[in-house]
$ cat start.tsv   # TSV, C-alpha atoms
chain	number	residue	atom	x	y	z
M	122	MET	CA	96.21	106.48	69.31
M	123	ARG	CA	94.55	103.09	68.92
M	124	SER	CA	97.78	101.58	67.57
M	125	ILE	CA	99.51	102.67	70.76
M	126	LEU	CA	96.74	101.07	72.81
M	127	PHE	CA	97.07	97.84	70.85
M	128	SER	CA	100.83	97.85	71.63
M	129	ILE	CA	100.08	98.27	75.32
M	130	ALA	CA	97.46	95.53	75.16
M	131	ALA	CA	99.90	93.19	73.43
M	132	ALA	CA	102.40	93.74	76.22
M	133	LEU	CA	99.68	93.04	78.76
M	134	ALA	CA	98.78	89.83	76.95
M	135	THR	CA	102.40	88.71	77.18
M	136	MET	CA	102.49	89.53	80.89
M	137	ILE	CA	99.30	87.59	81.53
M	138	THR	CA	100.50	84.52	79.65
M	139	GLY	CA	103.86	84.53	81.43
M	140	CYS	CA	102.40	85.02	84.90
M	141	GLY	CA	99.33	82.86	85.00
M	142	GLY	CA	99.93	80.31	82.27
M	143	ASN	CA	96.73	81.42	80.49
M	144	SER	CA	96.07	80.38	76.91
M	145	ASP	CA	96.65	82.79	74.02
M	146	ASP	CA	92.89	83.13	73.51
M	147	THR	CA	92.35	84.05	77.17
M	148	ALA	CA	95.22	86.54	77.13
M	149	ALA	CA	93.95	88.11	73.89
M	150	SER	CA	90.45	88.43	75.35
M	151	HIS	CA	91.84	90.14	78.43
M	152	ALA	CA	93.95	92.43	76.25
M	153	ASP	CA	90.82	93.47	74.31
M	154	SER	CA	89.11	94.38	77.56
M	155	GLU	CA	92.15	96.42	78.58
M	156	ILE	CA	91.91	98.38	75.30
M	157	ASP	CA	88.27	99.15	76.09
M	158	LEU	CA	89.30	100.44	79.52
M	159	LEU	CA	92.06	102.59	78.05
M	160	LEU	CA	89.75	104.07	75.41
M	161	ALA	CA	87.26	104.88	78.16
M	162	GLY	CA	90.00	106.70	80.07
M	163	GLU	CA	90.10	104.11	82.86
M	164	GLU	CA	93.14	102.44	84.39
M	165	PRO	CA	93.68	98.82	83.24
M	166	SER	CA	93.65	96.15	85.93
M	167	ASN	CA	96.80	94.54	87.23
M	168	PRO	CA	96.94	91.05	85.64
M	169	PHE	CA	98.99	89.75	88.56
M	170	THR	CA	96.02	90.12	90.93
M	171	GLN	CA	94.26	87.32	89.04
M	172	HIS	CA	94.63	83.81	90.39
M	173	TYR	CA	92.78	80.64	91.30
M	174	GLY	CA	90.68	80.79	94.44
M	175	SER	CA	92.70	78.20	96.33
M	176	MET	CA	95.44	75.64	96.00
M	177	PRO	CA	94.31	72.52	94.10
M	178	PRO	CA	93.46	69.35	96.04
M	179	GLY	CA	96.09	66.70	96.50
M	180	GLY	CA	99.63	67.56	95.63
M	181	ILE	CA	102.79	65.99	94.29
M	182	LYS	CA	105.54	65.71	96.88
M	183	MET	CA	108.94	67.23	96.16
M	184	LYS	CA	112.40	67.11	97.68
M	185	ILE	CA	112.81	69.46	100.62
M	186	ASN	CA	116.18	70.30	102.17
M	187	SER	CA	116.33	70.54	105.93
M	188	VAL	CA	116.88	74.00	107.44
M	189	GLY	CA	118.41	72.43	110.53
M	190	GLY	CA	115.41	71.87	112.74
M	191	ASN	CA	111.84	72.86	113.48
M	192	LEU	CA	110.88	76.09	111.68
M	193	GLY	CA	109.74	77.68	114.92
M	194	ARG	CA	113.13	77.08	116.55
M	195	VAL	CA	115.22	77.97	113.50
M	196	PHE	CA	113.40	81.24	112.80
M	197	ASN	CA	113.21	82.81	116.23
M	198	ASP	CA	114.98	86.16	115.91
M	199	SER	CA	113.85	88.35	118.80
M	200	ASN	CA	111.73	91.46	118.44
M	201	TYR	CA	114.72	93.44	119.72
M	202	LYS	CA	116.79	92.38	116.71
M	203	HIS	CA	113.98	93.28	114.36
M	204	LEU	CA	113.52	96.68	116.00
M	205	ASP	CA	117.24	97.53	115.97
M	206	ALA	CA	117.56	96.62	112.28
M	207	ALA	CA	114.37	98.48	111.44
M	208	ALA	CA	115.35	101.66	113.25
M	209	ALA	CA	118.75	101.65	111.49
M	210	ILE	CA	117.37	101.85	107.94
M	211	GLY	CA	113.68	102.63	108.36
M	212	ILE	CA	111.52	105.69	108.21
M	213	THR	CA	110.51	107.85	111.12
M	214	PRO	CA	107.24	106.23	112.26
M	215	ILE	CA	104.21	108.06	110.92
M	216	SER	CA	100.64	108.53	112.16
M	217	SER	CA	99.08	108.23	108.72
M	218	LEU	CA	100.20	108.06	105.10
M	219	ASP	CA	100.15	111.87	104.89
M	220	GLY	CA	103.10	111.82	107.27
M	221	ALA	CA	105.24	110.11	104.63
M	222	TRP	CA	106.46	113.56	103.58
M	223	ASP	CA	108.24	113.78	106.94
M	224	ALA	CA	109.29	110.14	107.14
M	225	GLY	CA	112.95	110.90	106.43
M	226	ARG	CA	113.30	108.55	103.46
M	227	PRO	CA	111.31	107.56	100.39
M	228	LEU	CA	108.93	104.63	100.35
M	229	VAL	CA	108.24	102.22	97.50
M	230	LYS	CA	104.61	101.33	96.81
M	231	LEU	CA	103.93	97.61	96.44
M	232	GLU	CA	101.54	95.88	94.09
M	233	SER	CA	101.01	92.30	93.06
M	234	CYS	CA	103.59	91.21	90.51
M	235	ARG	CA	105.22	88.12	89.04
M	236	GLU	CA	107.23	87.55	92.24
M	237	TYR	CA	104.53	87.96	94.89
M	238	TYR	CA	100.85	88.56	95.55
M	239	LEU	CA	99.80	91.45	97.79
M	240	ASP	CA	96.84	90.50	99.97
M	241	ASN	CA	93.92	92.82	100.68
M	242	LEU	CA	95.53	94.74	103.53
M	243	THR	CA	93.24	95.67	106.43
M	244	HIS	CA	95.68	96.95	109.05
M	245	SER	CA	98.70	98.08	107.05
M	246	LEU	CA	99.68	100.08	103.97
M	247	PRO	CA	101.45	98.76	100.84
M	248	TYR	CA	104.76	100.60	101.28
M	249	LEU	CA	108.33	99.61	102.15
M	250	VAL	CA	111.73	101.28	102.16
M	251	PRO	CA	113.75	100.35	99.03
M	252	GLU	CA	115.95	97.75	100.78
M	253	ALA	CA	112.92	95.88	102.12
M	254	GLU	CA	111.10	96.04	98.78
M	255	GLN	CA	114.16	94.56	97.05
M	256	LEU	CA	114.38	91.81	99.68
M	257	LEU	CA	110.71	90.93	99.15
M	258	HIS	CA	111.21	90.84	95.40
M	259	ASP	CA	114.25	88.56	95.77
M	260	ILE	CA	112.45	86.20	98.15
M	261	GLY	CA	109.58	85.84	95.69
M	262	ALA	CA	111.93	85.24	92.76
M	263	ALA	CA	113.99	82.70	94.71
M	264	PHE	CA	110.83	80.84	95.74
M	265	ILE	CA	109.66	80.58	92.13
M	266	ASP	CA	113.13	79.49	90.94
M	267	SER	CA	113.39	76.87	93.70
M	268	LEU	CA	109.95	75.51	92.85
M	269	GLU	CA	110.85	75.27	89.17
M	270	SER	CA	114.07	73.41	89.98
M	271	ARG	CA	112.02	70.79	91.91
M	272	GLY	CA	109.78	69.99	88.97
M	273	GLY	CA	107.52	72.98	88.63
M	274	GLY	CA	104.23	74.36	89.85
M	275	SER	CA	102.74	77.80	89.28
M	276	TYR	CA	102.64	79.46	92.70
M	277	ARG	CA	103.60	82.76	94.32
M	278	ILE	CA	104.12	83.86	97.90
M	279	LYS	CA	101.38	85.90	99.60
M	280	VAL	CA	102.24	89.12	101.46
M	281	THR	CA	99.80	89.71	104.31
M	282	SER	CA	101.12	92.75	106.21
M	283	VAL	CA	103.45	95.64	105.42
M	284	LEU	CA	103.81	99.20	106.77
M	285	ARG	CA	101.83	100.05	109.88
M	286	THR	CA	101.06	103.54	111.14
M	287	ASP	CA	99.92	104.71	114.57
M	288	GLU	CA	96.35	104.61	113.27
M	289	SER	CA	96.59	101.10	111.84
M	290	VAL	CA	98.36	99.78	114.96
M	291	ALA	CA	95.54	101.14	117.12
M	292	ARG	CA	92.94	99.45	114.92
M	293	LEU	CA	94.87	96.19	114.93
M	294	ARG	CA	95.20	96.14	118.71
M	295	ARG	CA	91.44	96.48	119.03
M	296	VAL	CA	90.98	93.15	117.20
M	297	ASN	CA	94.23	91.40	118.22
M	298	ARG	CA	95.35	91.74	121.83
M	299	ASN	CA	98.69	90.16	120.98
M	300	ALA	CA	99.59	93.00	118.60
M	301	THR	CA	102.31	95.29	119.92
M	302	SER	CA	102.81	99.01	119.47
M	303	THR	CA	106.58	98.45	119.16
M	304	SER	CA	106.42	96.37	116.00
M	305	ALA	CA	109.15	96.78	113.39
M	306	HIS	CA	106.32	97.19	110.86
M	307	ILE	CA	106.12	100.89	111.76
M	308	TYR	CA	109.52	101.53	110.14
M	309	GLY	CA	108.60	100.36	106.64
M	310	THR	CA	111.31	97.69	106.79
M	311	THR	CA	109.18	94.72	107.70
M	312	PHE	CA	106.63	92.49	106.02
M	313	ASP	CA	104.80	89.23	106.66
M	314	ILE	CA	104.62	86.33	104.19
M	315	SER	CA	102.01	83.65	104.74
M	316	TYR	CA	103.19	80.06	105.05
M	317	ALA	CA	99.61	78.81	105.41
M	318	LYS	CA	98.39	79.95	101.99
M	319	PHE	CA	100.07	80.35	98.61
M	320	ILE	CA	98.76	81.84	95.39
M	321	CYS	CA	98.03	79.36	92.62
M	322	ASP	CA	98.35	80.97	89.18
M	323	SER	CA	97.60	78.06	86.88
M	324	VAL	CA	96.72	74.40	86.90
M	325	THR	CA	100.10	72.82	86.18
M	326	VAL	CA	101.79	70.78	88.92
M	327	PRO	CA	99.80	70.54	92.18
M	328	ARG	CA	101.86	70.85	95.37
M	329	THR	CA	101.12	70.33	99.06
M	330	GLN	CA	100.88	73.26	101.45
M	331	GLU	CA	103.38	71.60	103.79
M	332	ASP	CA	106.03	71.27	101.07
M	333	MET	CA	105.41	74.85	99.96
M	334	LYS	CA	105.87	76.08	103.52
M	335	ASN	CA	109.12	74.19	103.93
M	336	LEU	CA	110.38	75.35	100.53
M	337	LEU	CA	109.73	78.93	101.61
M	338	GLY	CA	111.62	78.08	104.80
M	339	GLU	CA	114.62	77.08	102.67
M	340	VAL	CA	114.52	80.44	100.90
M	341	MET	CA	114.24	82.32	104.19
M	342	LYS	CA	117.15	80.39	105.69
M	343	ASP	CA	119.34	81.31	102.71
M	344	MET	CA	118.39	84.99	102.92
M	345	ARG	CA	119.05	85.12	106.66
M	346	ASP	CA	122.36	83.23	106.35
M	347	ARG	CA	123.45	85.85	103.82
M	348	GLY	CA	122.77	88.55	106.39
M	349	ARG	CA	119.90	90.12	104.51
M	350	CYS	CA	117.15	89.82	107.13
M	351	TYR	CA	115.88	88.68	110.50
M	352	VAL	CA	113.02	86.19	110.55
M	353	LYS	CA	110.42	85.18	113.11
M	354	TYR	CA	108.12	82.19	112.57
M	355	GLU	CA	104.71	83.36	113.76
M	356	ARG	CA	102.59	80.38	114.77
M	357	LYS	CA	99.29	82.15	115.52
M	358	GLN	CA	99.42	84.42	112.48
M	359	GLY	CA	100.60	81.66	110.12
M	360	CYS	CA	103.38	83.76	108.62
M	361	PHE	CA	107.08	84.54	108.49
M	362	HIS	CA	107.71	87.98	110.02
M	363	ILE	CA	110.68	89.45	108.11
M	364	THR	CA	112.79	92.58	108.64
M	365	ALA	CA	115.40	93.76	106.14
M	366	ILE	CA	118.94	94.46	107.32
M	367	GLY	CA	120.86	97.39	105.89
M	368	GLY	CA	124.14	97.15	104.01
M	369	ASN	CA	123.23	94.01	102.06

$ encode --input "start.tsv" --output "structure tokens"
Amino acid sequence: MRSILFSIAAALATMITGCGGNSDDTAASHADSEIDLLLAGEEPSNPFTQHYGSMPPGGIKMKINSVGGNLGRVFNDSNYKHLDAAAAIGITPISSLDGAWDAGRPLVKLESCREYYLDNLTHSLPYLVPEAEQLLHDIGAAFIDSLESRGGGSYRIKVTSVLRTDESVARLRRVNRNATSTSAHIYGTTFDISYAKFICDSVTVPRTQEDMKNLLGEVMKDMRDRGRCYVKYERKQGCFHITAIGGN
């Protein structure tokens, strides 16, 4: 039994090193703690939830390709487009998570991974339809690849809102008067990615928040040009509001 646990811990150590750039000693120490959790019958933690508290000060500039104008003007797909796309491939809106049994299609549960970090959600649930989950995964991977091609930096995108239910929409509207009950979020097709904050996984190459935002804009422009999504640049919320499009 313990040999099996050591194998699992070794895999976890590899994951930690690859994701956060931790040293072998740090990864081994974390793996030992995971063995202790497994022996105690507890679930091991997700190593991809670990990160530095904030982006480092300063930042090395990198080459950014223009998306053809101001981000707010370029990414201005109307709510009607988002809703039409969402209704075409999304679930039947639900009142609470229990209603997922009657949602009409399966949902994929999200968790922080190598491609993205899932924020502590307060007014949504970590679920998306498969097409939207794949889109999110691809956006995160493309962002990391683009960053690496510009000289590196260990950062991930931050997902701040996902599936909303009738209950969560009601709670959100109590604290945000601008929130709408007709959001595409209720279909499980839509998610928000912060452009104000990014997750720093290790101290390698410091980058500026402005460059990171514009690099994410490049990725979003490519995804939208390929017909994979609609995008709205949300100024007040500091995020890209993204809805997957079916058939892509």

$ residues_near_point --input "start.tsv" --point "(115.8, 94.6, 101.7)" --cutoff "10 Å" --atoms "all atoms listed in the file" --output "ChimeraX atom specification"
/M:210,249-260,310-311,349-350,363-369

$ atom_distance --input "start.tsv" --atom1 "atom CA of Ala221 of chain M" --atom2 "atom CA of Glu355 of chain M"
28.3 Å

$ closest_residue --input "start.tsv" --among "M:Asn186, M:Asn167, M:Asn241, M:Thr286" --to "Pro214 of chain M" --atoms "all atoms listed in the file"
M:Thr286

$ residues_near_point --input "start.tsv" --point "(105.0, 107.2, 102.7)" --cutoff "12 Å" --atoms "all atoms listed in the file" --output "PyMOL selection string"
chain M and resi 211-231+245-251+283-286+307-309

$ closest_residue --input "start.tsv" --among "M:Asn200, M:Ser304, M:Gln330, M:Gln358" --to "Ser175 of chain M" --atoms "only C-alpha atoms"
M:Gln330

$ closest_residue --input "start.tsv" --among "M:Ile181, M:Ala305, M:Leu268, M:Ala263" --to "Ala207 of chain M" --atoms "only C-alpha atoms"
M:Ala305

$ residues_around --input "start.tsv" --residues "Val324 of chain M" --least-positions-apart "3" --cutoff "9 Å" --atoms "all atoms listed in the file" --output "JSON, numbers by chain"
{"M": [142, 173, 177, 274, 275, 321, 327]}

$ closest_residue --input "start.tsv" --among "M:Glu232, M:Asp198, M:Asp240, M:Asp332" --to "Met183 of chain M" --atoms "only C-alpha atoms"
M:Asp332

$ closest_residue --input "start.tsv" --among "M:His306, M:Lys184, M:Arg235, M:Lys334" --to "Tyr354 of chain M" --atoms "only C-alpha atoms"
M:Lys334

$ closest_residue --input "start.tsv" --among "M:Ala208, M:Pro178, M:Arg347, M:Tyr276" --to "Ser323 of chain M" --atoms "only C-alpha atoms"
M:Tyr276

$ residues_around --input "start.tsv" --residues "segment 192-195 of chain M" --least-positions-apart "6" --cutoff "10 Å" --atoms "all atoms listed in the file" --output "PyMOL selection string"
chain M and resi 334-335+338-339+342+352-356+361

$ atom_distance --input "start.tsv" --atom1 "atom CA of His172 of chain M" --atom2 "atom CA of Cys234 of chain M"
11.6 Å

$ atom_distance --input "start.tsv" --atom1 "atom CA of Ser233 of chain M" --atom2 "atom CA of Thr325 of chain M"
20.7 Å
